[in-house]
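Asks: So that we are looking at the same thing, I have put the structure below in structure tokens.
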Amino acid sequence: MTKFSRRQLLKQLPAAALLVAAPSLALYPLPGGAVTAGFQIHDLDWVDGARDRPVPIRLYQPTAASSAAPVPMIIFSHGIGGSRLGYSYLGSYWASHGLASLHVQHVGSDRSIWFGNPFNLVSRLQEAAQEKEAIDRVFDLRFALTRMLEDPLGQIINPNQIIAAGHSYGANTTLLASGARVSRDDIPVDLSDARIKAAIVISAPRFYGQKTVDSILQPIQLPTLHITATEDNIQIPGYFSGYPDRLAIFEAIGSQRKALAVFEGGSHSMFTDRTRSGGAVLNQQVKEATQELSLDFMAQVLNNQASGIPSWSKRHEDILSKVIA
């Protein structure tokens with residue numbers, strides 16, 4: 001694991017690295033080398049009968065996939081108060097580069113918590129963060145993945161190339177599905193899904209109600225990519241999690257194959273579809289850099305492609321605070 005400062009990155013890269021255009025560097029090729037520019041969106045309202053729980057999903061499907069070999073898929077978990085409609089800048093980008101992206105809505109901690117009596121908002125937020133909902137979220141991912149692979153739309157998906165991703169509370173969900181172990185009555189609970197091959201962790205807070213992260217995250221052995229910013233602070237009624245928590249999550253992960261990118265400034269919600277959070281200019285720059293980096297990570301994991309992080313860091317060094325790879 002190598003840590004780069006801005007100055008070290010500037011010195012390390014050969015001049016030739018600057019000649020690589022950003023769009024071409026991050027493209028994930030479909031089998032045969034083709035790259036699709038089109039995709040379709042499918043919204044489906046599934047219900048997990050075993051739990052009597054709705055699991056709405058949105059699938060971003062590459063249009064060229066139906067006539068090609070099966071493609072990888074990212075299964076995405078939203079933050080608290082989100083929905084399947086969010087993080088479209090990621091779903092559409094990944095699909096336009098030949099990967100399917102399945103966005104799961106968690107009904108116990110989705111956008112519905114913002115509605116209702118405003119005096120009960122704090123209690124709704126606290127309820128959404130409880131152990132039962134945290135576990136149900138992981139079961140949402142498991143159910144959605146199984147259902148998608150059985151669905152006619154899922155015939156385009158390679159079941160051996162599944163990557164989990166999430167933001168904020170969704171990052172915690174992703175970590176649990178990737179092997180993190182919380183305890184129930186002092187007994188570790190393993191919620192991992194063996195079908196997941198790697199994880200993209202954006203703005204992960206410490207696990208609610210847990211005093212330490214080391215024992216929880218050490219069991220994770222999958223490749224992980226962590227993305228955050230120096231002003232990536234979660235502040236909602238009754239709860240605060242600061243940027244140092246993101247670093248603690250990264251350090252505690254047991255995997256020997258992990259990378260961290262920290263943007264300078266910004267905000268927690270700039271990683272959502274909001275366009276002005278963290279500053280309108282920086283917001284767009286961070287979104288573009290996040291798109292590129294996530295695609296490069298997936299190409300490394302799924303195609304054994306050499307890391308493009310050094311050249312990526314050079315292109316975006318004006319907005320980066322720290323890179324560890």
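Chain labels follow the order of the structure tokens: the first chain is A, the next B, and so on; residue numbering restarts at 1 in every chain, and ligands are counted from 1 in their shown order.
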Could you pull out the helix (DSSP H, G or I) residues of segment 51-135 of chain A from DSSP and send them as an MDAnalysis selection string?
Replies: chainID A and resid 63:67 88:96 111:114 118:128 131:135
Asks: Could you write those residues out with N, CA and C atoms, as an mmCIF file, in the first residue's frame?
Replies:
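To be explicit, this is the file written out as selection_4.cif:
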data_model
loop_
_atom_site.group_PDB
_atom_site.id
_atom_site.type_symbol
_atom_site.label_atom_id
_atom_site.label_comp_id
_atom_site.auth_asym_id
_atom_site.auth_seq_id
_atom_site.Cartn_x
_atom_site.Cartn_y
_atom_site.Cartn_z
ATOM 1 N N THR A 63 -27.377 -0.832 -23.245
ATOM 2 C CA THR A 63 -28.200 -1.279 -24.366
ATOM 3 C C THR A 63 -27.489 -2.300 -25.233
ATOM 4 N N ALA A 64 -26.177 -2.259 -25.286
ATOM 5 C CA ALA A 64 -25.440 -3.208 -26.121
ATOM 6 C C ALA A 64 -25.271 -4.556 -25.448
ATOM 7 N N ALA A 65 -25.643 -4.643 -24.167
ATOM 8 C CA ALA A 65 -25.367 -5.864 -23.421
ATOM 9 C C ALA A 65 -26.176 -7.054 -23.908
ATOM 10 N N SER A 66 -27.382 -6.803 -24.417
ATOM 11 C CA SER A 66 -28.249 -7.913 -24.803
ATOM 12 C C SER A 66 -27.665 -8.744 -25.933
ATOM 13 N N SER A 67 -26.795 -8.142 -26.744
ATOM 14 C CA SER A 67 -26.220 -8.866 -27.877
ATOM 15 C C SER A 67 -24.769 -9.258 -27.633
ATOM 16 N N SER A 88 -27.838 9.024 -9.623
ATOM 17 C CA SER A 88 -28.003 8.740 -11.058
ATOM 18 C C SER A 88 -26.730 9.071 -11.833
ATOM 19 N N TYR A 89 -25.928 10.000 -11.309
ATOM 20 C CA TYR A 89 -24.689 10.344 -12.011
ATOM 21 C C TYR A 89 -23.737 9.156 -12.047
ATOM 22 N N LEU A 90 -23.851 8.259 -11.067
ATOM 23 C CA LEU A 90 -23.033 7.052 -11.065
ATOM 24 C C LEU A 90 -23.679 5.950 -11.901
ATOM 25 N N GLY A 91 -24.967 5.691 -11.672
ATOM 26 C CA GLY A 91 -25.642 4.624 -12.401
ATOM 27 C C GLY A 91 -25.607 4.831 -13.896
ATOM 28 N N SER A 92 -25.873 6.058 -14.339
ATOM 29 C CA SER A 92 -25.883 6.329 -15.777
ATOM 30 C C SER A 92 -24.476 6.270 -16.365
ATOM 31 N N TYR A 93 -23.492 6.722 -15.604
ATOM 32 C CA TYR A 93 -22.106 6.688 -16.076
ATOM 33 C C TYR A 93 -21.620 5.248 -16.231
ATOM 34 N N TRP A 94 -21.852 4.443 -15.207
ATOM 35 C CA TRP A 94 -21.414 3.048 -15.276
ATOM 36 C C TRP A 94 -22.102 2.314 -16.422
ATOM 37 N N ALA A 95 -23.407 2.537 -16.579
ATOM 38 C CA ALA A 95 -24.137 1.849 -17.650
ATOM 39 C C ALA A 95 -23.666 2.306 -19.025
ATOM 40 N N SER A 96 -23.320 3.580 -19.152
ATOM 41 C CA SER A 96 -22.844 4.075 -20.443
ATOM 42 C C SER A 96 -21.469 3.531 -20.792
ATOM 43 N N ARG A 111 -36.472 7.867 1.605
ATOM 44 C CA ARG A 111 -36.906 9.265 1.588
ATOM 45 C C ARG A 111 -38.170 9.512 2.412
ATOM 46 N N SER A 112 -38.917 8.475 2.706
ATOM 47 C CA SER A 112 -40.165 8.644 3.449
ATOM 48 C C SER A 112 -39.944 9.185 4.854
ATOM 49 N N ILE A 113 -38.722 9.020 5.399
ATOM 50 C CA ILE A 113 -38.491 9.503 6.764
ATOM 51 C C ILE A 113 -38.526 11.025 6.849
ATOM 52 N N TRP A 114 -38.358 11.717 5.701
ATOM 53 C CA TRP A 114 -38.377 13.179 5.720
ATOM 54 C C TRP A 114 -39.797 13.734 5.800
ATOM 55 N N PRO A 118 -42.911 17.014 11.616
ATOM 56 C CA PRO A 118 -41.511 17.441 11.755
ATOM 57 C C PRO A 118 -40.976 17.262 13.172
ATOM 58 N N PHE A 119 -41.856 17.249 14.154
ATOM 59 C CA PHE A 119 -41.402 17.081 15.537
ATOM 60 C C PHE A 119 -40.968 15.643 15.825
ATOM 61 N N ASN A 120 -41.317 14.735 14.930
ATOM 62 C CA ASN A 120 -40.929 13.329 15.102
ATOM 63 C C ASN A 120 -39.756 12.929 14.207
ATOM 64 N N LEU A 121 -39.155 13.914 13.532
ATOM 65 C CA LEU A 121 -38.086 13.604 12.586
ATOM 66 C C LEU A 121 -36.903 12.929 13.272
ATOM 67 N N VAL A 122 -36.486 13.434 14.414
ATOM 68 C CA VAL A 122 -35.339 12.858 15.105
ATOM 69 C C VAL A 122 -35.599 11.397 15.448
ATOM 70 N N SER A 123 -36.772 11.100 15.937
ATOM 71 C CA SER A 123 -37.088 9.713 16.299
ATOM 72 C C SER A 123 -37.133 8.825 15.059
ATOM 73 N N ARG A 124 -37.591 9.363 13.928
ATOM 74 C CA ARG A 124 -37.607 8.564 12.686
ATOM 75 C C ARG A 124 -36.186 8.275 12.207
ATOM 76 N N LEU A 125 -35.311 9.271 12.322
ATOM 77 C CA LEU A 125 -33.911 9.067 11.941
ATOM 78 C C LEU A 125 -33.241 8.044 12.849
ATOM 79 N N GLN A 126 -33.494 8.145 14.131
ATOM 80 C CA GLN A 126 -32.899 7.204 15.069
ATOM 81 C C GLN A 126 -33.419 5.793 14.847
ATOM 82 N N GLU A 127 -34.691 5.673 14.544
ATOM 83 C CA GLU A 127 -35.270 4.358 14.277
ATOM 84 C C GLU A 127 -34.649 3.746 13.027
ATOM 85 N N ALA A 128 -34.409 4.580 12.027
ATOM 86 C CA ALA A 128 -33.829 4.087 10.777
ATOM 87 C C ALA A 128 -32.407 3.578 10.960
ATOM 88 N N GLU A 131 -30.436 -1.435 14.730
ATOM 89 C CA GLU A 131 -29.869 -2.700 14.260
ATOM 90 C C GLU A 131 -30.777 -3.425 13.265
ATOM 91 N N LYS A 132 -32.076 -3.458 13.534
ATOM 92 C CA LYS A 132 -32.987 -4.199 12.662
ATOM 93 C C LYS A 132 -32.958 -3.650 11.243
ATOM 94 N N GLU A 133 -33.004 -2.321 11.112
ATOM 95 C CA GLU A 133 -32.985 -1.733 9.776
ATOM 96 C C GLU A 133 -31.624 -1.940 9.109
ATOM 97 N N ALA A 134 -30.550 -1.841 9.877
ATOM 98 C CA ALA A 134 -29.219 -2.056 9.301
ATOM 99 C C ALA A 134 -29.101 -3.460 8.707
ATOM 100 N N ILE A 135 -29.661 -4.444 9.428
ATOM 101 C CA ILE A 135 -29.625 -5.825 8.931
ATOM 102 C C ILE A 135 -30.586 -6.014 7.762
#
Asks: Using only C-alpha atoms, which protein or nucleic acid residues come within 10 Å of Gln300 of chain A? Drop anything in the same chain fewer than 6 positions from it, and give the result as a PyMOL selection string.
Replies: chain A and resi 28+223+294+306-308
Asks: Per residue of segment 200-234 of chain A within 6 Å of segment 238-253 of chain A, what are the shortest atom pair and its distance in Å to one decimal, counting only C-alpha atoms, with rows by chain and residue number, as CSV?
Replies:
residue,atom,partner,partner_atom,distance
A:Ala204,CA,A:Arg246,CA,5.7
A:Pro205,CA,A:Asp245,CA,5.8
A:Asp214,CA,A:Ala252,CA,4.9
A:Leu217,CA,A:Ile253,CA,4.9
A:Gln218,CA,A:Ile253,CA,5.2
A:Thr230,CA,A:Tyr243,CA,5.9
A:Asp232,CA,A:Tyr243,CA,5.2
A:Asn233,CA,A:Gly242,CA,4.4
A:Ile234,CA,A:Ser241,CA,5.0
Asks: Take the residues that were just selected and, keeping N, CA and C atoms, output them as a compact mmCIF listing (two decimals), in the first residue's frame.
Replies:
# COMPACT_ATOMS: atom_id res chain seq x y z
N ALA A 204 -18.26 6.43 4.39
CA ALA A 204 -18.79 5.51 5.40
C ALA A 204 -18.62 6.07 6.81
N PRO A 205 -19.71 6.16 7.59
CA PRO A 205 -19.59 6.54 9.00
C PRO A 205 -19.25 5.33 9.86
N ASP A 214 -12.41 -1.67 14.46
CA ASP A 214 -11.36 -2.62 14.10
C ASP A 214 -11.87 -4.05 14.05
N LEU A 217 -14.42 -4.57 11.08
CA LEU A 217 -13.98 -4.47 9.69
C LEU A 217 -12.80 -5.37 9.34
N GLN A 218 -12.10 -5.86 10.32
CA GLN A 218 -10.95 -6.72 10.04
C GLN A 218 -11.31 -7.94 9.19
N THR A 230 -12.32 16.14 2.91
CA THR A 230 -11.92 16.66 4.21
C THR A 230 -13.06 17.34 4.95
N ASP A 232 -16.20 16.12 4.68
CA ASP A 232 -17.23 15.09 4.57
C ASP A 232 -17.77 14.77 5.95
N ASN A 233 -18.61 15.66 6.46
CA ASN A 233 -19.16 15.52 7.80
C ASN A 233 -20.65 15.24 7.73
N ILE A 234 -21.10 14.24 8.47
CA ILE A 234 -22.53 13.91 8.55
C ILE A 234 -23.09 14.59 9.78
Asks: So, counting only C-alpha atoms, which residue among A:Met298, A:Arg184, A:Lys197, A:Glu264 is closest to Leu282 of chain A?
Replies: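 Among A:Met298, A:Arg184, A:Lys197, A:Glu264, it is A:Glu264 that comes nearest to Leu282 of chain A.
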Asks: Which polymer residues have any atom within 7 Å of an atom of Ser192 of chain A, counting only C-alpha atoms, with same-chain residues fewer than 2 positions away left out, as a PyMOL selection string?
Replies: chain A and resi 176-179+190+194
Asks: Kindly give the distance, in Å, that separates atom CA of Gly108 of chain A and atom CA of Gly82 of chain A, rounded to a single decimal.
Replies: 10.6 Å
